[in-house]
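Reviewing the structure listed below.
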Amino acid sequence: MGRTAIISVDGHVKASRAGYRQYLEQKYLEQYDESVKEAEDAGVPDAGNLNPEFGFDAQWDSSRRLEALEGQGVVAEVLFPNGQPFQVNRLEDAGRAMDAELAAAGRSAYNRWLVDFCAEVPGRRAGQAVVSFDDVEQAIADIHWAKEHGLGGIMMPALNPGGTFFFDPALDPIWAAIQDVGLPISQHGGAGL
């Protein structure tokens, strides 16, 4: 029997709490440090959804992750978020924060970190950029940024109660931008409220 290469289409990654600091804008660092201290004081592990056999650090340690995955025959991955700065619920893919500005800062930091994480093993990680559709112009800018920085796709945001339906014509410029850059869009089950 020949060898089979496996590509995982549901990997989850994040930076460590300390690892996100360098990806945040200076003006958010004090708030971020406070949120980290609160989580640590409460004994909240620095982890999201993960395979317990791999350990927490396989979410952000490239070498550790490769070792764990290659041990199972996995040679490449499509990657989704497993936690972002300022996230209210550490087990949620959508990364909701207490306010829109912090949510945007968290998405931006995650995406910048993800670019670097994927670049450590070119061609083996297709990171899905986290983009909000709440601000059409910003979404278009984020989509182009994701393409320019080598991410492998766009994670469709959760459709939350009261949100704009994906088929609403107001979102047509977003769909056009995704087509223009040629990135696939993916939806992760369980990312809504």
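Here's how to read the names in the structure tokens: chain A, B, ... by the order shown, residue numbers from 1 in each chain, ligand numbers from 1 in the order shown.
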
Please build the interface table for stretch 31-127 of chain A against stretch 4-22 of chain A with a cut-off of 6 Å, listing for each qualifying residue the nearest atom pair and the distance in Å to one decimal; count only C-alpha atoms, order rows by chain and increasing number, and write it as a tab-separated table.
residue	atom	partner	partner_atom	distance
A:Gln59	CA	A:Val13	CA	4.6
A:Trp60	CA	A:Ala15	CA	5.0
A:Gly73	CA	A:Ile6	CA	6.0
A:Val74	CA	A:Ile6	CA	4.6
A:Val75	CA	A:Ile6	CA	5.8
A:Ala76	CA	A:Ile7	CA	4.8
A:Glu77	CA	A:Ser8	CA	4.6
A:Val78	CA	A:Val9	CA	4.6
A:Leu79	CA	A:Gly11	CA	4.7
A:Phe80	CA	A:His12	CA	4.8
A:Pro81	CA	A:His12	CA	5.4
A:Asn82	CA	A:Val13	CA	5.0
A:Gly83	CA	A:Lys14	CA	5.6

Residues from last step as file, N, CA, C and O atoms, as a PDB file, in the first residue's frame:
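And here is the file that came out, part.pdb:
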ATOM      1  N   GLN A  59      -0.617  24.918  19.276  1.00  0.00           N
ATOM      2  CA  GLN A  59      -1.431  25.947  18.633  1.00  0.00           C
ATOM      3  C   GLN A  59      -0.578  27.075  18.082  1.00  0.00           C
ATOM      4  O   GLN A  59      -0.988  27.776  17.169  1.00  0.00           O
ATOM      5  N   TRP A  60       0.599  27.299  18.650  1.00  0.00           N
ATOM      6  CA  TRP A  60       1.422  28.438  18.257  1.00  0.00           C
ATOM      7  C   TRP A  60       2.884  28.085  17.985  1.00  0.00           C
ATOM      8  O   TRP A  60       3.595  28.872  17.385  1.00  0.00           O
ATOM      9  N   GLY A  73       0.314  11.731   9.738  1.00  0.00           N
ATOM     10  CA  GLY A  73       0.286  11.732   8.278  1.00  0.00           C
ATOM     11  C   GLY A  73      -0.256  13.001   7.649  1.00  0.00           C
ATOM     12  O   GLY A  73      -0.462  13.061   6.439  1.00  0.00           O
ATOM     13  N   VAL A  74      -0.481  14.039   8.451  1.00  0.00           N
ATOM     14  CA  VAL A  74      -1.018  15.298   7.931  1.00  0.00           C
ATOM     15  C   VAL A  74       0.147  16.136   7.384  1.00  0.00           C
ATOM     16  O   VAL A  74       1.103  16.422   8.105  1.00  0.00           O
ATOM     17  N   VAL A  75       0.036  16.541   6.113  1.00  0.00           N
ATOM     18  CA  VAL A  75       1.119  17.303   5.481  1.00  0.00           C
ATOM     19  C   VAL A  75       0.771  18.764   5.250  1.00  0.00           C
ATOM     20  O   VAL A  75       1.653  19.572   4.966  1.00  0.00           O
ATOM     21  N   ALA A  76      -0.512  19.119   5.339  1.00  0.00           N
ATOM     22  CA  ALA A  76      -0.931  20.506   5.125  1.00  0.00           C
ATOM     23  C   ALA A  76      -2.247  20.739   5.862  1.00  0.00           C
ATOM     24  O   ALA A  76      -2.955  19.791   6.197  1.00  0.00           O
ATOM     25  N   GLU A  77      -2.543  22.025   6.086  1.00  0.00           N
ATOM     26  CA  GLU A  77      -3.746  22.367   6.847  1.00  0.00           C
ATOM     27  C   GLU A  77      -4.436  23.612   6.338  1.00  0.00           C
ATOM     28  O   GLU A  77      -3.785  24.545   5.869  1.00  0.00           O
ATOM     29  N   VAL A  78      -5.757  23.639   6.481  1.00  0.00           N
ATOM     30  CA  VAL A  78      -6.556  24.859   6.381  1.00  0.00           C
ATOM     31  C   VAL A  78      -6.780  25.275   7.832  1.00  0.00           C
ATOM     32  O   VAL A  78      -7.259  24.486   8.646  1.00  0.00           O
ATOM     33  N   LEU A  79      -6.390  26.515   8.154  1.00  0.00           N
ATOM     34  CA  LEU A  79      -6.374  26.951   9.545  1.00  0.00           C
ATOM     35  C   LEU A  79      -7.420  27.995   9.872  1.00  0.00           C
ATOM     36  O   LEU A  79      -7.556  29.000   9.170  1.00  0.00           O
ATOM     37  N   PHE A  80      -8.115  27.762  10.970  1.00  0.00           N
ATOM     38  CA  PHE A  80      -9.125  28.666  11.510  1.00  0.00           C
ATOM     39  C   PHE A  80      -8.649  29.193  12.862  1.00  0.00           C
ATOM     40  O   PHE A  80      -7.775  28.612  13.493  1.00  0.00           O
ATOM     41  N   PRO A  81      -9.262  30.285  13.341  1.00  0.00           N
ATOM     42  CA  PRO A  81      -8.829  30.848  14.630  1.00  0.00           C
ATOM     43  C   PRO A  81      -9.206  29.966  15.807  1.00  0.00           C
ATOM     44  O   PRO A  81     -10.200  29.249  15.770  1.00  0.00           O
ATOM     45  N   ASN A  82      -8.375  30.066  16.834  1.00  0.00           N
ATOM     46  CA  ASN A  82      -8.616  29.342  18.072  1.00  0.00           C
ATOM     47  C   ASN A  82      -8.528  30.298  19.258  1.00  0.00           C
ATOM     48  O   ASN A  82      -8.317  29.878  20.378  1.00  0.00           O
ATOM     49  N   GLY A  83      -8.668  31.567  18.974  1.00  0.00           N
ATOM     50  CA  GLY A  83      -8.601  32.576  20.014  1.00  0.00           C
ATOM     51  C   GLY A  83      -7.922  33.830  19.491  1.00  0.00           C
ATOM     52  O   GLY A  83      -6.959  33.740  18.727  1.00  0.00           O
TER      53      GLY A  83
END

Determine, for each residue of stretch 84-180 of chain A having at least one atom at most 12 Å from an atom of stretch 66-69 of chain A, the closest pair of atoms and their separation in Å to one decimal, counting only C-alpha atoms; order by chain and ascending number, as a Markdown table.
| residue | atom | partner | partner_atom | distance |
| --- | --- | --- | --- | --- |
| A:Phe117 | CA | A:Leu66 | CA | 11.7 |
| A:Cys118 | CA | A:Leu66 | CA | 11.6 |
| A:Glu120 | CA | A:Leu66 | CA | 10.5 |
| A:Val121 | CA | A:Leu66 | CA | 9.1 |
| A:Arg124 | CA | A:Leu66 | CA | 9.8 |
| A:Arg125 | CA | A:Leu66 | CA | 10.5 |

Kindly save the residues from that selection, with C-alpha atoms included, as a tab-separated table (two decimals), in the first residue's frame.
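Full text of again06.tsv as output:
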chain	number	residue	atom	x	y	z
A	117	PHE	CA	2.79	31.42	11.36
A	118	CYS	CA	1.83	30.24	7.86
A	120	GLU	CA	7.09	29.31	8.58
A	121	VAL	CA	6.15	26.38	6.30
A	124	ARG	CA	1.59	23.79	3.94
A	125	ARG	CA	-0.72	26.15	5.81

request  = Please measure the separation of atom CA of A:Ala104 and atom CA of A:Phe86, giving the value in Å to one decimal.
outcome  =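 If I compute the distance from atom CA of A:Ala104 to atom CA of A:Phe86, I get 9.5 Å.
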
request  = Compare A:Glu53, A:Asp61, A:Asp41, A:Asp168 by their minimum atom-to-atom distance to A:Leu114, counting only C-alpha atoms, and give me the closest one.
outcome  = A:Asp61

Strand (DSSP E or B) call set, DSSP backbone run, stretch 16-107 of chain A, as an MDAnalysis selection string = chainID A and resid 74:81

Can I get the selected residues back with N, CA and C atoms, as a short mmCIF file (atom, residue, chain, number, x, y, z; two decimals), in the first residue's frame?
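Output file again_39.cif follows:
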data_model
loop_
_atom_site.label_atom_id
_atom_site.label_comp_id
_atom_site.auth_asym_id
_atom_site.auth_seq_id
_atom_site.Cartn_x
_atom_site.Cartn_y
_atom_site.Cartn_z
N VAL A 74 -0.48 14.04 8.45
CA VAL A 74 -1.02 15.30 7.93
C VAL A 74 0.15 16.14 7.38
N VAL A 75 0.04 16.54 6.11
CA VAL A 75 1.12 17.30 5.48
C VAL A 75 0.77 18.76 5.25
N ALA A 76 -0.51 19.12 5.34
CA ALA A 76 -0.93 20.51 5.12
C ALA A 76 -2.25 20.74 5.86
N GLU A 77 -2.54 22.03 6.09
CA GLU A 77 -3.75 22.37 6.85
C GLU A 77 -4.44 23.61 6.34
N VAL A 78 -5.76 23.64 6.48
CA VAL A 78 -6.56 24.86 6.38
C VAL A 78 -6.78 25.28 7.83
N LEU A 79 -6.39 26.52 8.15
CA LEU A 79 -6.37 26.95 9.55
C LEU A 79 -7.42 27.99 9.87
N PHE A 80 -8.12 27.76 10.97
CA PHE A 80 -9.12 28.67 11.51
C PHE A 80 -8.65 29.19 12.86
N PRO A 81 -9.26 30.28 13.34
CA PRO A 81 -8.83 30.85 14.63
C PRO A 81 -9.21 29.97 15.81
#

key: Top pick for closest residue to A:Arg112, considering A:Glu25, A:Ile174, A:Glu137, A:Val44 and counting only C-alpha atoms   =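 The answer is A:Glu25, which sits nearest to A:Arg112.
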
query = Which residues, written as an MDAnalysis selection string, have at least one atom at most 12 Å from A:Asp99, with only C-alpha atoms counted and residues fewer than 6 positions away on the same chain left out?
reply = chainID A and resid 86:88 105:106

key: DSSP alpha helix (DSSP H) selection over chain A, as a PyMOL selection string   = chain A and resi 17-20+29-41+62-70+100-119+136-148+172-181

ask   = Do you know which residues are at most 7 Å from stretch 142-156 of chain A counting only C-alpha atoms, after dropping those on the same chain fewer than 6 positions away, and could you put them as a list of chain:residue names?
value =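 Returned residues: A:Val115, A:Ala126, A:Gly127, A:Gln128, A:Ala129, A:Val130, A:Val131, A:Ala177, A:Ile178, A:Val181, A:Leu183, A:Pro184, A:Ile185, A:Ser186, A:Gln187.
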
Export, as an mmCIF file, in the first residue's frame, the selected residues with N, CA and C atoms.
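Output file selection.cif is given in full below:
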data_model
loop_
_atom_site.group_PDB
_atom_site.id
_atom_site.type_symbol
_atom_site.label_atom_id
_atom_site.label_comp_id
_atom_site.auth_asym_id
_atom_site.auth_seq_id
_atom_site.Cartn_x
_atom_site.Cartn_y
_atom_site.Cartn_z
ATOM 1 N N VAL A 115 -0.251 35.311 9.392
ATOM 2 C CA VAL A 115 0.635 35.447 8.231
ATOM 3 C C VAL A 115 2.017 34.892 8.572
ATOM 4 N N ALA A 126 -2.824 26.981 4.979
ATOM 5 C CA ALA A 126 -3.724 27.931 4.325
ATOM 6 C C ALA A 126 -4.525 28.635 5.415
ATOM 7 N N GLY A 127 -3.964 29.702 5.946
ATOM 8 C CA GLY A 127 -4.628 30.448 7.006
ATOM 9 C C GLY A 127 -5.835 31.196 6.472
ATOM 10 N N GLN A 128 -6.935 31.106 7.202
ATOM 11 C CA GLN A 128 -8.173 31.788 6.837
ATOM 12 C C GLN A 128 -8.239 33.122 7.570
ATOM 13 N N ALA A 129 -8.160 34.215 6.824
ATOM 14 C CA ALA A 129 -8.211 35.549 7.432
ATOM 15 C C ALA A 129 -9.560 35.758 8.113
ATOM 16 N N VAL A 130 -9.524 36.375 9.277
ATOM 17 C CA VAL A 130 -10.749 36.702 10.002
ATOM 18 C C VAL A 130 -11.159 38.110 9.568
ATOM 19 N N VAL A 131 -12.337 38.205 8.959
ATOM 20 C CA VAL A 131 -12.827 39.467 8.408
ATOM 21 C C VAL A 131 -14.259 39.684 8.888
ATOM 22 N N ALA A 177 -14.915 41.614 -4.133
ATOM 23 C CA ALA A 177 -13.505 41.687 -3.725
ATOM 24 C C ALA A 177 -12.912 40.292 -3.545
ATOM 25 N N ILE A 178 -13.691 39.402 -2.951
ATOM 26 C CA ILE A 178 -13.215 38.024 -2.766
ATOM 27 C C ILE A 178 -12.960 37.373 -4.126
ATOM 28 N N VAL A 181 -9.683 38.888 -5.818
ATOM 29 C CA VAL A 181 -8.393 38.419 -5.317
ATOM 30 C C VAL A 181 -8.209 36.914 -5.496
ATOM 31 N N LEU A 183 -9.408 34.392 -3.658
ATOM 32 C CA LEU A 183 -9.302 33.579 -2.451
ATOM 33 C C LEU A 183 -10.602 32.815 -2.218
ATOM 34 N N PRO A 184 -10.498 31.573 -1.765
ATOM 35 C CA PRO A 184 -11.720 30.854 -1.389
ATOM 36 C C PRO A 184 -12.279 31.435 -0.092
ATOM 37 N N ILE A 185 -13.562 31.282 0.087
ATOM 38 C CA ILE A 185 -14.192 31.691 1.335
ATOM 39 C C ILE A 185 -14.709 30.426 2.008
ATOM 40 N N SER A 186 -14.512 30.355 3.297
ATOM 41 C CA SER A 186 -14.921 29.151 4.012
ATOM 42 C C SER A 186 -15.758 29.543 5.215
ATOM 43 N N GLN A 187 -16.649 28.662 5.569
ATOM 44 C CA GLN A 187 -17.455 28.897 6.754
ATOM 45 C C GLN A 187 -17.168 27.771 7.728
#

request  = Could you check how far atom CA of A:Ala139 sits from atom CA of A:Gln26, in Å to one decimal?
outcome  = 22.6 Å

request  = Report the distance between atom CA of A:Gly95 and atom CA of A:Pro52 in Å, rounded to one decimal place.
outcome  = 21.7 Å

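Among the candidates A:Asp172, A:Asp116, A:Glu40, A:Asp46, the residue lying nearest to A:Ala58 is A:Asp46 (atoms considered: only C-alpha atoms).
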
For A:Tyr28, the nearest of the candidates A:Asp134, A:Asp57, A:Glu70, A:Glu101, counting only C-alpha atoms =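 That would be A:Glu101, the residue with the smallest distance to A:Tyr28.
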
ask   = Pick from A:Val136, A:Leu24, A:Ala158, A:Ala141: nearest to A:Pro85, with only C-alpha atoms counted?
value = A:Leu24

request  = Measuring atom to atom with only C-alpha atoms, identify which of A:Ser35, A:Asn111, A:Asn51, A:Gln138 is nearest to A:Ala97.
outcome  =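 Nearest to A:Ala97: A:Ser35.
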